[in-house]
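What follows is the content of data.cif (mmCIF, C-alpha atoms and all ligand atoms).
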```
data_entry
loop_
_atom_site.label_atom_id
_atom_site.label_comp_id
_atom_site.auth_asym_id
_atom_site.auth_seq_id
_atom_site.Cartn_x
_atom_site.Cartn_y
_atom_site.Cartn_z
CA MET A 1 0.00 0.00 0.00
CA PRO A 2 1.46 3.45 -0.89
CA LEU A 3 2.86 5.40 2.02
CA LEU A 4 0.77 8.35 3.11
CA SER A 5 3.93 10.45 3.34
CA GLU A 6 3.92 10.15 -0.45
CA ALA A 7 0.21 10.98 -0.78
CA GLY A 8 0.85 12.89 -3.99
CA THR A 9 1.74 9.61 -5.62
CA LEU A 10 -1.46 7.79 -4.61
CA ASP A 11 -3.00 6.45 -7.80
CA ALA A 12 -6.42 4.83 -8.17
CA ALA A 13 -5.03 1.45 -7.03
CA GLY A 14 -3.47 3.05 -3.94
CA ILE A 15 -6.71 4.90 -3.16
CA GLU A 16 -8.65 1.64 -3.50
CA ALA A 17 -6.28 -0.16 -1.14
CA TRP A 18 -6.86 2.51 1.51
CA LEU A 19 -10.63 2.47 0.94
CA ARG A 20 -10.62 -1.27 1.65
CA GLU A 21 -8.48 -0.87 4.79
CA ALA A 22 -10.33 -2.08 7.88
CA ASP A 23 -7.57 -2.06 10.49
CA GLU A 24 -8.35 0.73 12.94
CA LYS A 25 -4.70 1.27 13.83
CA ARG A 26 -3.69 1.70 10.19
CA LEU A 27 -6.68 3.97 9.63
CA GLU A 28 -5.35 6.25 12.37
CA HIS A 29 -2.45 6.98 9.98
CA LEU A 30 -4.95 7.95 7.29
CA TRP A 31 -6.86 10.29 9.62
CA GLU A 32 -3.61 11.89 10.85
CA ALA A 33 -2.27 12.37 7.32
CA ALA A 34 -5.53 13.95 6.10
CA ASP A 35 -5.68 16.34 9.05
CA ARG A 36 -2.02 17.30 8.64
CA VAL A 37 -2.40 17.98 4.91
CA ARG A 38 -5.59 19.97 5.59
CA SER A 39 -3.71 22.08 8.16
CA GLU A 40 -0.68 22.61 5.91
CA ARG A 41 -2.59 23.35 2.71
CA VAL A 42 -5.82 25.14 3.66
CA GLY A 43 -4.99 26.13 7.22
CA GLU A 44 -7.08 26.22 10.38
CA ALA A 45 -9.98 28.29 9.01
CA VAL A 46 -13.38 26.61 8.76
CA HIS A 47 -15.45 28.46 6.15
CA LEU A 48 -19.17 28.81 6.80
CA ARG A 49 -21.48 28.94 3.78
CA GLY A 50 -25.14 29.81 4.28
CA LEU A 51 -27.31 27.28 2.41
CA VAL A 52 -30.63 28.40 0.91
CA GLU A 53 -32.82 25.69 -0.63
CA VAL A 54 -34.63 27.90 -3.12
CA SER A 55 -36.97 25.37 -4.75
CA ASN A 56 -37.94 21.71 -4.35
CA TYR A 57 -39.40 21.46 -7.86
CA CYS A 58 -37.38 19.08 -10.01
CA VAL A 59 -37.93 17.72 -13.50
CA ARG A 60 -35.44 14.88 -13.04
CA SER A 61 -36.10 11.43 -11.67
CA CYS A 62 -32.83 10.43 -10.01
CA ALA A 63 -33.54 7.01 -8.54
CA TYR A 64 -32.45 7.87 -4.99
CA CYS A 65 -33.79 11.37 -4.47
CA GLY A 66 -36.71 12.25 -2.23
CA ILE A 67 -37.69 15.34 -4.25
CA ALA A 68 -37.35 13.72 -7.68
CA ALA A 69 -40.28 14.13 -10.05
CA CYS A 70 -40.95 10.38 -9.58
CA ALA A 71 -40.75 10.40 -5.78
CA GLY A 72 -44.48 10.64 -5.20
CA PRO A 73 -46.67 13.41 -3.91
CA LEU A 74 -44.89 16.19 -2.10
CA PRO A 75 -45.95 19.81 -1.63
CA ARG A 76 -43.70 21.91 -3.84
CA TYR A 77 -42.37 25.40 -3.16
CA ARG A 78 -40.24 28.02 -4.84
CA LEU A 79 -38.91 30.95 -2.80
CA SER A 80 -39.65 34.45 -4.03
CA HIS A 81 -36.93 36.97 -4.86
CA GLU A 82 -37.53 38.71 -1.56
CA GLU A 83 -37.47 35.47 0.46
CA ILE A 84 -34.09 34.54 -1.03
CA LEU A 85 -32.72 38.01 -0.35
CA ALA A 86 -33.95 37.79 3.26
CA CYS A 87 -31.98 34.53 3.69
CA ALA A 88 -28.90 36.13 2.14
CA ARG A 89 -29.18 39.04 4.57
CA GLU A 90 -29.24 36.48 7.39
CA ALA A 91 -26.03 34.99 5.99
CA ARG A 92 -24.42 38.38 6.15
CA ARG A 93 -25.74 39.02 9.65
CA TYR A 94 -24.12 35.79 10.84
CA GLY A 95 -20.84 36.78 9.19
CA PHE A 96 -20.88 34.03 6.55
CA GLY A 97 -18.83 34.97 3.48
CA THR A 98 -20.83 32.90 1.00
CA VAL A 99 -24.42 32.08 0.25
CA VAL A 100 -25.22 28.81 -1.56
CA LEU A 101 -28.41 28.81 -3.64
CA GLN A 102 -29.47 25.20 -4.17
CA SER A 103 -32.53 23.65 -5.78
CA GLY A 104 -33.89 20.77 -7.78
CA GLU A 105 -33.59 21.12 -11.55
CA ASP A 106 -36.37 23.64 -11.82
CA PRO A 107 -37.09 25.43 -15.12
CA GLY A 108 -39.32 27.77 -13.08
CA LEU A 109 -36.07 29.31 -11.82
CA THR A 110 -35.60 31.25 -15.01
CA ARG A 111 -32.41 32.80 -16.32
CA ARG A 112 -33.77 36.26 -15.54
CA PHE A 113 -35.02 35.38 -12.06
CA ILE A 114 -31.68 33.91 -10.91
CA SER A 115 -29.69 36.69 -12.63
CA ASP A 116 -31.65 39.33 -10.72
CA VAL A 117 -31.24 37.53 -7.39
CA VAL A 118 -27.51 36.96 -7.96
CA ALA A 119 -26.89 40.57 -9.04
CA GLU A 120 -28.65 41.94 -5.96
CA ILE A 121 -26.78 39.66 -3.52
CA HIS A 122 -23.49 40.44 -5.28
CA HIS A 123 -23.88 44.23 -5.43
CA ASP A 124 -25.89 44.99 -2.30
CA LEU A 125 -24.62 42.39 0.17
CA GLY A 126 -21.12 41.69 -1.14
CA LEU A 127 -21.37 37.96 -0.50
CA ALA A 128 -19.75 35.30 -2.65
CA ILE A 129 -22.44 33.26 -4.42
CA THR A 130 -22.39 29.54 -5.09
CA LEU A 131 -25.11 28.10 -7.31
CA SER A 132 -26.24 24.48 -7.24
CA LEU A 133 -29.20 24.40 -9.61
CA GLY A 134 -28.54 21.22 -11.58
CA GLU A 135 -27.85 20.74 -15.27
CA ARG A 136 -28.61 24.03 -17.02
CA ASP A 137 -27.82 25.26 -20.50
CA ASP A 138 -24.74 27.32 -21.19
CA GLU A 139 -26.68 30.54 -21.81
CA ASP A 140 -28.16 30.36 -18.30
CA LEU A 141 -24.77 29.57 -16.77
CA LYS A 142 -23.04 32.44 -18.61
CA ALA A 143 -25.75 34.92 -17.64
CA TRP A 144 -25.49 33.95 -13.96
CA ARG A 145 -21.71 34.20 -14.03
CA GLU A 146 -21.98 37.67 -15.58
CA ALA A 147 -24.52 38.66 -12.91
CA GLY A 148 -21.95 37.86 -10.21
CA ALA A 149 -22.12 34.14 -9.36
CA ASP A 150 -18.70 32.88 -8.27
CA ARG A 151 -19.05 29.12 -8.00
CA TYR A 152 -21.21 26.23 -9.19
CA LEU A 153 -21.72 22.85 -7.57
CA LEU A 154 -22.75 19.84 -9.65
CA ARG A 155 -22.08 16.37 -8.28
CA PHE A 156 -21.19 13.81 -10.91
CA GLU A 157 -22.15 11.12 -8.33
CA THR A 158 -20.26 8.26 -10.03
CA THR A 159 -17.73 7.77 -12.82
CA ASP A 160 -19.30 4.40 -13.73
CA PRO A 161 -21.33 5.25 -16.87
CA ALA A 162 -23.65 2.22 -16.56
CA LEU A 163 -24.39 2.98 -12.90
CA TYR A 164 -24.88 6.67 -13.71
CA ALA A 165 -27.36 5.81 -16.47
CA ALA A 166 -29.23 3.42 -14.17
CA ILE A 167 -29.80 5.97 -11.44
CA HIS A 168 -29.97 9.26 -13.41
CA PRO A 169 -32.51 8.86 -16.20
CA GLY A 170 -31.93 11.62 -18.75
CA LEU A 171 -34.54 14.00 -20.06
CA PRO A 172 -35.91 13.21 -23.53
CA GLY A 173 -33.56 14.52 -26.23
CA LYS A 174 -30.92 15.69 -23.74
CA VAL A 175 -27.54 14.18 -22.97
CA SER A 176 -26.58 14.21 -19.29
CA ASP A 177 -22.83 14.77 -19.05
CA ARG A 178 -22.06 16.47 -15.78
CA ILE A 179 -18.28 16.36 -16.10
CA ALA A 180 -18.56 18.14 -19.47
CA GLN A 181 -20.73 20.83 -17.84
CA LEU A 182 -18.16 21.23 -15.05
CA VAL A 183 -15.38 21.71 -17.60
CA ARG A 184 -17.44 24.30 -19.52
CA MET A 185 -18.30 26.17 -16.33
CA ARG A 186 -14.64 26.40 -15.39
CA GLU A 187 -13.99 27.97 -18.82
CA MET A 188 -16.74 30.49 -18.02
CA GLY A 189 -14.77 31.53 -14.93
CA TYR A 190 -16.65 29.66 -12.21
CA GLU A 191 -14.93 27.87 -9.38
CA VAL A 192 -16.41 24.41 -9.81
CA GLY A 193 -17.41 21.83 -7.27
CA THR A 194 -18.57 18.27 -7.52
CA GLY A 195 -18.98 15.20 -5.38
CA VAL A 196 -20.27 11.69 -4.95
CA MET A 197 -22.37 9.60 -2.62
CA VAL A 198 -20.65 6.76 -0.82
CA GLY A 199 -22.33 3.36 -0.86
CA ILE A 200 -24.77 3.69 -3.78
CA PRO A 201 -25.97 0.17 -4.72
CA GLY A 202 -23.64 -0.96 -7.49
CA GLN A 203 -20.70 1.23 -6.39
CA THR A 204 -17.59 -0.93 -6.08
CA TRP A 205 -14.35 -0.09 -4.28
CA ALA A 206 -12.68 0.35 -7.68
CA THR A 207 -15.41 2.77 -8.83
CA LEU A 208 -15.15 4.92 -5.72
CA ALA A 209 -11.34 4.98 -6.05
CA ARG A 210 -11.73 6.12 -9.67
CA ASP A 211 -14.21 8.82 -8.55
CA ILE A 212 -11.62 10.21 -6.11
CA ASP A 213 -8.89 10.00 -8.75
CA THR A 214 -11.22 11.92 -11.10
CA PHE A 215 -11.50 14.77 -8.55
CA ARG A 216 -7.74 15.08 -8.85
CA GLN A 217 -7.62 14.78 -12.66
CA PHE A 218 -10.13 17.60 -13.06
CA ASP A 219 -8.57 19.63 -10.22
CA MET A 220 -11.96 20.30 -8.63
CA ASP A 221 -12.21 23.41 -6.44
CA MET A 222 -14.86 22.03 -4.05
CA ILE A 223 -15.73 18.41 -3.32
CA GLY A 224 -18.75 17.23 -1.33
CA ILE A 225 -18.86 13.62 -0.16
CA GLY A 226 -21.73 12.15 1.81
CA PRO A 227 -23.12 8.70 2.50
CA TYR A 228 -25.94 7.34 0.33
CA LEU A 229 -29.02 7.57 2.56
CA PRO A 230 -31.83 5.58 0.93
CA ASP A 231 -35.20 7.25 0.77
CA PRO A 232 -37.70 4.38 1.18
CA ARG A 233 -40.04 5.94 -1.40
CA THR A 234 -37.48 5.80 -4.21
CA PRO A 235 -36.66 3.02 -6.71
CA LEU A 236 -33.06 2.67 -5.51
CA ALA A 237 -34.31 1.73 -2.02
CA GLY A 238 -36.41 -1.06 -3.60
CA PRO A 239 -35.93 -3.64 -6.34
CA LEU A 240 -33.62 -1.42 -8.42
CA GLY A 241 -31.17 -1.20 -5.52
CA THR A 242 -31.23 -4.99 -5.04
CA GLN A 243 -30.69 -5.52 -8.75
CA LEU A 244 -27.72 -3.10 -8.88
CA GLN A 245 -25.88 -4.44 -5.79
CA ALA A 246 -22.25 -5.25 -6.52
CA PRO A 247 -20.97 -8.77 -5.69
CA PRO A 248 -20.22 -9.52 -2.04
CA GLY A 249 -16.91 -7.98 -1.01
CA GLU A 250 -17.04 -5.40 -3.82
CA GLN A 251 -20.10 -3.34 -2.80
CA VAL A 252 -19.07 -0.17 -0.95
CA PRO A 253 -21.05 0.21 2.31
CA ASN A 254 -22.85 3.47 2.99
CA ASP A 255 -21.47 3.87 6.49
CA GLU A 256 -19.66 6.65 8.32
CA VAL A 257 -16.18 5.18 8.35
CA THR A 258 -16.19 4.54 4.60
CA THR A 259 -17.43 8.09 3.96
CA LEU A 260 -14.65 9.43 6.19
CA LYS A 261 -12.06 7.35 4.33
CA ALA A 262 -13.29 8.91 1.08
CA VAL A 263 -13.10 12.42 2.61
CA ALA A 264 -9.58 11.81 3.96
CA LEU A 265 -8.27 10.35 0.69
CA THR A 266 -9.80 13.24 -1.24
CA ARG A 267 -7.91 15.68 0.99
CA LEU A 268 -4.68 13.79 0.28
CA VAL A 269 -5.04 13.82 -3.50
CA CYS A 270 -6.64 17.30 -3.74
CA PRO A 271 -4.76 19.03 -0.93
CA ASP A 272 -5.95 22.62 -1.42
CA THR A 273 -9.56 22.05 -2.40
CA ASN A 274 -12.52 23.07 -0.22
CA ILE A 275 -14.27 20.07 1.36
CA PRO A 276 -17.45 20.38 3.45
CA SER A 277 -18.26 18.22 6.42
CA THR A 278 -21.64 17.32 4.93
CA THR A 279 -25.09 17.37 6.51
CA ALA A 280 -25.56 13.73 5.44
CA LEU A 281 -22.56 12.77 7.57
CA SER A 282 -24.15 14.55 10.55
CA ILE A 283 -27.39 12.66 9.97
CA LEU A 284 -25.57 9.33 9.97
CA ASP A 285 -23.82 10.28 13.22
CA PRO A 286 -25.64 13.17 14.93
CA GLY A 287 -23.20 13.14 17.85
CA GLY A 288 -19.93 13.21 15.96
CA GLY A 289 -20.34 13.26 12.19
CA ARG A 290 -19.62 16.96 11.74
CA ARG A 291 -16.60 16.81 14.04
CA ASN A 292 -15.24 13.66 12.40
CA GLY A 293 -15.52 15.27 8.97
CA LEU A 294 -13.63 18.36 10.15
CA THR A 295 -10.83 16.29 11.72
CA ARG A 296 -10.40 13.97 8.72
CA GLY A 297 -9.89 16.49 5.95
CA ALA A 298 -12.91 18.83 5.74
CA ASN A 299 -12.67 22.63 6.12
CA VAL A 300 -16.19 23.88 5.32
CA VAL A 301 -19.60 23.74 7.05
CA MET A 302 -22.85 24.82 5.41
CA PRO A 303 -25.46 25.99 7.97
CA ASN A 304 -28.96 25.83 6.52
CA LEU A 305 -30.67 29.23 6.28
CA THR A 306 -33.82 27.98 4.53
CA PRO A 307 -36.95 29.03 6.45
CA PRO A 308 -38.00 25.94 8.51
CA HIS A 309 -41.44 25.53 6.88
CA TYR A 310 -39.73 25.15 3.48
CA ARG A 311 -36.75 23.20 4.80
CA GLN A 312 -38.98 20.31 5.83
CA LEU A 313 -40.10 19.98 2.19
CA TYR A 314 -36.54 19.78 0.83
CA ARG A 315 -36.17 16.13 1.79
CA ILE A 316 -33.66 14.89 -0.74
CA TYR A 317 -32.78 12.06 1.65
CA PRO A 318 -34.42 10.75 4.84
CA GLY A 319 -33.64 12.53 8.05
CA LYS A 320 -32.65 15.70 6.24
CA ALA A 321 -36.06 17.27 6.66
CA ALA A 322 -35.86 16.43 10.35
CA VAL A 323 -32.91 18.78 10.79
CA HIS A 324 -34.93 21.28 12.77
CA GLU A 325 -31.88 22.85 14.36
CA SER A 326 -32.44 26.59 14.06
CA VAL A 327 -29.73 28.53 12.34
CA GLU A 328 -28.95 30.21 15.68
CA THR A 329 -28.45 26.84 17.44
CA LEU A 330 -26.57 25.37 14.52
CA THR A 331 -24.27 28.36 14.24
CA GLU A 332 -23.68 28.30 18.00
CA ASN A 333 -22.88 24.56 17.87
CA VAL A 334 -20.59 24.95 14.86
CA LEU A 335 -18.78 27.91 16.41
CA GLY A 336 -18.35 25.92 19.64
CA LEU A 337 -16.99 22.95 17.71
CA ILE A 338 -14.57 25.11 15.73
CA ALA A 339 -13.25 26.63 18.97
CA ALA A 340 -13.00 23.21 20.65
CA LEU A 341 -10.95 21.92 17.73
CA GLY A 342 -8.58 24.90 18.02
CA ARG A 343 -9.62 26.09 14.57
CA THR A 344 -10.81 29.53 13.48
CA VAL A 345 -13.83 30.81 11.57
CA GLY A 346 -12.93 31.64 7.97
CA LYS A 347 -13.16 35.30 6.99
CA GLY A 348 -14.26 36.66 3.64
CA PRO A 349 -15.54 34.70 0.65
CA GLY A 350 -13.38 31.63 1.35
CA GLY A 351 -12.68 30.72 -2.25
CA ARG A 352 -10.06 28.19 -3.17
CA GLU A 353 -6.50 29.38 -2.69
CA LYS A 354 -3.95 27.41 -4.63
CA ARG A 355 -0.87 27.48 -2.42
CA VAL A 356 2.59 26.91 -3.78
CA THR A 357 4.39 24.27 -1.72
S1 LIG B 401 -30.73 14.60 -7.21
FE1 LIG B 401 -31.03 16.72 -7.89
S2 LIG B 401 -31.52 16.55 -10.09
FE2 LIG B 401 -31.79 14.51 -9.20
S3 LIG B 401 -33.97 14.41 -8.68
FE3 LIG B 401 -32.89 15.12 -6.83
S4 LIG B 401 -32.93 17.35 -6.90
FE4 LIG B 401 -33.47 16.55 -8.93
#
```
What is this structure when it is put down as structure tokens?
Amino acid sequence: MPLLSEAGTLDAAGIEAWLREADEKRLEHLWEAADRVRSERVGEAVHLRGLVEVSNYCVRSCAYCGIAACAGPLPRYRLSHEEILACAREARRYGFGTVVLQSGEDPGLTRRFISDVVAEIHHDLGLAITLSLGERDDEDLKAWREAGADRYLLRFETTDPALYAAIHPGLPGKVSDRIAQLVRMREMGYEVGTGVMVGIPGQTWATLARDIDTFRQFDMDMIGIGPYLPDPRTPLAGPLGTQLQAPPGEQVPNDEVTTLKAVALTRLVCPDTNIPSTTALSILDPGGGRRNGLTRGANVVMPNLTPPHYRQLYRIYPGKAAVHESVETLTENVLGLIAALGRTVGKGPGGREKRVT
């Protein structure tokens, strides 16, 4: 197995060997290496991004998602311009440097509507803006970049094309190629972020290792990694999931330690990228998930600013809607955790800084 002191030389085979590692003592070396590289390359600052879930309408039918068009009846909402701006003002009041506008793939969020919202946040509040609005056409993406959006998140979820096709049905007449969209967005001047779920039925150790190696190949600026949390109402939690399962010994489990291994290895191969300690990790382990993410490579937390009555409808995976922690409590808890870890709260927009080593 490649030495972690030579993390820069970890290839997909080396990543896979570490993903399969089950010895707790050896894993301690992985956790220590990830935390050291995080400290050396992105420092002690934990950046806080205010998350606003602007719409739970979605035209897609991803086989695992609780707000997919196919996921059954669910009251739908779309925040107004003023409601989004009110959330962004909250972000500024709490001292967050970035607001993240996230939604399902919702054509009701028109080019003009998002451009106006972005321009107002950019000019009047001076916050950095991350968009996470799904697969959109280049004209939309260019307009939003020109209006002031800084970053765009689009998870590619898996590099296995057959698995991707099985769980992300395309729209009629449209090709779904998320990596191609990420590359185009970088050319437009966005910082780009992506990510995967850990433990999707059909995800093998080799696939997950290739996913992590792909983060490095495309030099991603932000990388979100969370466990697959099956929504019982979705096809992937039923017969489709059973049908896709990889052979025994090859199927990646959707547990906390495997997710943390993926986070730690991502930090080693993408040392100066921004990595959140995800909400899904906190749901899997309410007592320690956020802390474990931050001590095994992560340097970002995204407190949810969505008004609670909408937040409960943005249930992309089970348990998420039950996160009733108010933003005050969450921020207090996160600030307490950051202080307890001897870290600091990031100032300013918190974009990626490529450090020369
Ligand atoms: S994962 Fe995203 S694009 Fe897919 S159904 Fe859910 S919200 Fe829509």
Requested in this report: Would you be able to write out as a PyMOL selection string which residues have an atom within 12 Å of (-12.6, 26.8, 6.8) in the file's coordinates, counting only C-alpha atoms?
Outcome: chain A and resi 38-39+41-49+96-98+272-277+294-295+297-302+334-335+338+343-353
Restrict the selected residues to C-alpha atoms and save them as a PDB file, in the frame of the given file.
```pdb
ATOM      1  CA  ARG A  38      -5.590  19.970   5.590  1.00  0.00           C
ATOM      2  CA  SER A  39      -3.710  22.080   8.160  1.00  0.00           C
ATOM      3  CA  ARG A  41      -2.590  23.350   2.710  1.00  0.00           C
ATOM      4  CA  VAL A  42      -5.820  25.140   3.660  1.00  0.00           C
ATOM      5  CA  GLY A  43      -4.990  26.130   7.220  1.00  0.00           C
ATOM      6  CA  GLU A  44      -7.080  26.220  10.380  1.00  0.00           C
ATOM      7  CA  ALA A  45      -9.980  28.290   9.010  1.00  0.00           C
ATOM      8  CA  VAL A  46     -13.380  26.610   8.760  1.00  0.00           C
ATOM      9  CA  HIS A  47     -15.450  28.460   6.150  1.00  0.00           C
ATOM     10  CA  LEU A  48     -19.170  28.810   6.800  1.00  0.00           C
ATOM     11  CA  ARG A  49     -21.480  28.940   3.780  1.00  0.00           C
ATOM     12  CA  PHE A  96     -20.880  34.030   6.550  1.00  0.00           C
ATOM     13  CA  GLY A  97     -18.830  34.970   3.480  1.00  0.00           C
ATOM     14  CA  THR A  98     -20.830  32.900   1.000  1.00  0.00           C
ATOM     15  CA  ASP A 272      -5.950  22.620  -1.420  1.00  0.00           C
ATOM     16  CA  THR A 273      -9.560  22.050  -2.400  1.00  0.00           C
ATOM     17  CA  ASN A 274     -12.520  23.070  -0.220  1.00  0.00           C
ATOM     18  CA  ILE A 275     -14.270  20.070   1.360  1.00  0.00           C
ATOM     19  CA  PRO A 276     -17.450  20.380   3.450  1.00  0.00           C
ATOM     20  CA  SER A 277     -18.260  18.220   6.420  1.00  0.00           C
ATOM     21  CA  LEU A 294     -13.630  18.360  10.150  1.00  0.00           C
ATOM     22  CA  THR A 295     -10.830  16.290  11.720  1.00  0.00           C
ATOM     23  CA  GLY A 297      -9.890  16.490   5.950  1.00  0.00           C
ATOM     24  CA  ALA A 298     -12.910  18.830   5.740  1.00  0.00           C
ATOM     25  CA  ASN A 299     -12.670  22.630   6.120  1.00  0.00           C
ATOM     26  CA  VAL A 300     -16.190  23.880   5.320  1.00  0.00           C
ATOM     27  CA  VAL A 301     -19.600  23.740   7.050  1.00  0.00           C
ATOM     28  CA  MET A 302     -22.850  24.820   5.410  1.00  0.00           C
ATOM     29  CA  VAL A 334     -20.590  24.950  14.860  1.00  0.00           C
ATOM     30  CA  LEU A 335     -18.780  27.910  16.410  1.00  0.00           C
ATOM     31  CA  ILE A 338     -14.570  25.110  15.730  1.00  0.00           C
ATOM     32  CA  ARG A 343      -9.620  26.090  14.570  1.00  0.00           C
ATOM     33  CA  THR A 344     -10.810  29.530  13.480  1.00  0.00           C
ATOM     34  CA  VAL A 345     -13.830  30.810  11.570  1.00  0.00           C
ATOM     35  CA  GLY A 346     -12.930  31.640   7.970  1.00  0.00           C
ATOM     36  CA  LYS A 347     -13.160  35.300   6.990  1.00  0.00           C
ATOM     37  CA  GLY A 348     -14.260  36.660   3.640  1.00  0.00           C
ATOM     38  CA  PRO A 349     -15.540  34.700   0.650  1.00  0.00           C
ATOM     39  CA  GLY A 350     -13.380  31.630   1.350  1.00  0.00           C
ATOM     40  CA  GLY A 351     -12.680  30.720  -2.250  1.00  0.00           C
ATOM     41  CA  ARG A 352     -10.060  28.190  -3.170  1.00  0.00           C
ATOM     42  CA  GLU A 353      -6.500  29.380  -2.690  1.00  0.00           C
TER      43      GLU A 353
END
```
Where does chain A meet ligand LIG 401 (chain B) within 10 Å, residue by residue, with the nearest atom pair and distance in Å to one decimal for each, counting only C-alpha atoms and all ligand atoms, listed by chain and rising number, as JSON lines?
```
{"residue": "A:Ser55", "atom": "CA", "partner": "B:LIG401", "partner_atom": "S4", "distance": 9.2}
{"residue": "A:Asn56", "atom": "CA", "partner": "B:LIG401", "partner_atom": "S4", "distance": 7.1}
{"residue": "A:Tyr57", "atom": "CA", "partner": "B:LIG401", "partner_atom": "S4", "distance": 7.7}
{"residue": "A:Cys58", "atom": "CA", "partner": "B:LIG401", "partner_atom": "FE4", "distance": 4.8}
{"residue": "A:Val59", "atom": "CA", "partner": "B:LIG401", "partner_atom": "FE4", "distance": 6.5}
{"residue": "A:Arg60", "atom": "CA", "partner": "B:LIG401", "partner_atom": "S3", "distance": 4.6}
{"residue": "A:Ser61", "atom": "CA", "partner": "B:LIG401", "partner_atom": "S3", "distance": 4.7}
{"residue": "A:Cys62", "atom": "CA", "partner": "B:LIG401", "partner_atom": "FE2", "distance": 4.3}
{"residue": "A:Ala63", "atom": "CA", "partner": "B:LIG401", "partner_atom": "S3", "distance": 7.4}
{"residue": "A:Tyr64", "atom": "CA", "partner": "B:LIG401", "partner_atom": "S1", "distance": 7.3}
{"residue": "A:Cys65", "atom": "CA", "partner": "B:LIG401", "partner_atom": "FE3", "distance": 4.5}
{"residue": "A:Gly66", "atom": "CA", "partner": "B:LIG401", "partner_atom": "FE3", "distance": 6.6}
{"residue": "A:Ile67", "atom": "CA", "partner": "B:LIG401", "partner_atom": "FE3", "distance": 5.5}
{"residue": "A:Ala68", "atom": "CA", "partner": "B:LIG401", "partner_atom": "S3", "distance": 3.6}
{"residue": "A:Ala69", "atom": "CA", "partner": "B:LIG401", "partner_atom": "S3", "distance": 6.5}
{"residue": "A:Cys70", "atom": "CA", "partner": "B:LIG401", "partner_atom": "S3", "distance": 8.1}
{"residue": "A:Ala71", "atom": "CA", "partner": "B:LIG401", "partner_atom": "S3", "distance": 8.4}
{"residue": "A:Gln102", "atom": "CA", "partner": "B:LIG401", "partner_atom": "S4", "distance": 9.0}
{"residue": "A:Ser103", "atom": "CA", "partner": "B:LIG401", "partner_atom": "S4", "distance": 6.4}
{"residue": "A:Gly104", "atom": "CA", "partner": "B:LIG401", "partner_atom": "S4", "distance": 3.7}
{"residue": "A:Glu105", "atom": "CA", "partner": "B:LIG401", "partner_atom": "S2", "distance": 5.2}
{"residue": "A:Asp106", "atom": "CA", "partner": "B:LIG401", "partner_atom": "FE4", "distance": 8.2}
{"residue": "A:Ser132", "atom": "CA", "partner": "B:LIG401", "partner_atom": "FE1", "distance": 9.1}
{"residue": "A:Leu133", "atom": "CA", "partner": "B:LIG401", "partner_atom": "FE1", "distance": 8.1}
{"residue": "A:Gly134", "atom": "CA", "partner": "B:LIG401", "partner_atom": "S2", "distance": 5.7}
{"residue": "A:Glu135", "atom": "CA", "partner": "B:LIG401", "partner_atom": "S2", "distance": 7.6}
{"residue": "A:Leu154", "atom": "CA", "partner": "B:LIG401", "partner_atom": "FE1", "distance": 9.0}
{"residue": "A:Arg155", "atom": "CA", "partner": "B:LIG401", "partner_atom": "S1", "distance": 8.9}
{"residue": "A:Glu157", "atom": "CA", "partner": "B:LIG401", "partner_atom": "S1", "distance": 9.3}
{"residue": "A:Ile167", "atom": "CA", "partner": "B:LIG401", "partner_atom": "FE2", "distance": 9.1}
{"residue": "A:His168", "atom": "CA", "partner": "B:LIG401", "partner_atom": "FE2", "distance": 7.0}
{"residue": "A:Pro169", "atom": "CA", "partner": "B:LIG401", "partner_atom": "FE2", "distance": 9.0}
{"residue": "A:Gly170", "atom": "CA", "partner": "B:LIG401", "partner_atom": "S2", "distance": 10.0}
{"residue": "A:Tyr314", "atom": "CA", "partner": "B:LIG401", "partner_atom": "S4", "distance": 8.9}
{"residue": "A:Arg315", "atom": "CA", "partner": "B:LIG401", "partner_atom": "FE3", "distance": 9.3}
{"residue": "A:Ile316", "atom": "CA", "partner": "B:LIG401", "partner_atom": "FE3", "distance": 6.1}
{"residue": "A:Tyr317", "atom": "CA", "partner": "B:LIG401", "partner_atom": "FE3", "distance": 9.0}
```
Requested in this report: Could you tell me which of A:Ile179, A:Leu125, A:Leu337, A:Leu208 comes closest to Gly287 of chain A if we count all atoms listed in the file?
Outcome: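 Nearest candidate to Gly287 of chain A out of A:Ile179, A:Leu125, A:Leu337, A:Leu208: A:Leu337.
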Query raised in the report: If we count only C-alpha atoms, what is near Val183 of chain A at a cut-off of 12 Å, once residues fewer than 4 positions away on the same chain are taken out, given as a ChimeraX atom specification?
Result: /A:138,152-154,156,177-179,187-194,217-221
Query raised in the report: By how many Å are atom CA of Leu171 of chain A and atom CA of Leu141 of chain A apart?
Result: 18.7 Å
Requested in this report: Can you work out which one of A:Gln312, A:Thr329, A:Thr9, A:Gln243 has the shortest atom-to-atom distance to Leu268 of chain A, counting all atoms listed in the file?
Outcome: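 Comparing A:Gln312, A:Thr329, A:Thr9, A:Gln243 against Leu268 of chain A, the winner is A:Thr9.
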Requested in this report: Could you jot down the atom CA of Cys87 of chain A to atom CA of Pro307 of chain A separation for me, Å, one decimal place?
Outcome: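 Going from atom CA of Cys87 of chain A over to atom CA of Pro307 of chain A, I get 7.9 Å.
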Query raised in the report: If you measure from atom CA of His81 of chain A to atom CA of Val117 of chain A, what distance in Å do you get, rounded to one decimal?
Result: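 Between atom CA of His81 of chain A and atom CA of Val117 of chain A the gap is 6.3 Å.
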Report task. Excluding segment 17-23 of chain A and residues on its chain fewer than 2 positions from it, collect all residues at most 10 Å away from it, counting all atoms listed in the file, and give them as a ChimeraX atom specification. Result -> /A:1-2,4,10-15,25-28,30,205-206,208-209,249-250,252,257-262,264-265
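The shell of residues at most 9 Å from Trp144 of chain A, with only C-alpha atoms counted and near chain neighbours (fewer than 3 positions) removed, consists of Arg111, Arg112, Ile114, Ser115, Asp116, Val118, Ala119, Leu131, Glu139, Asp140, Leu141, Ala147, Gly148, Ala149 and Asp150 of chain A.
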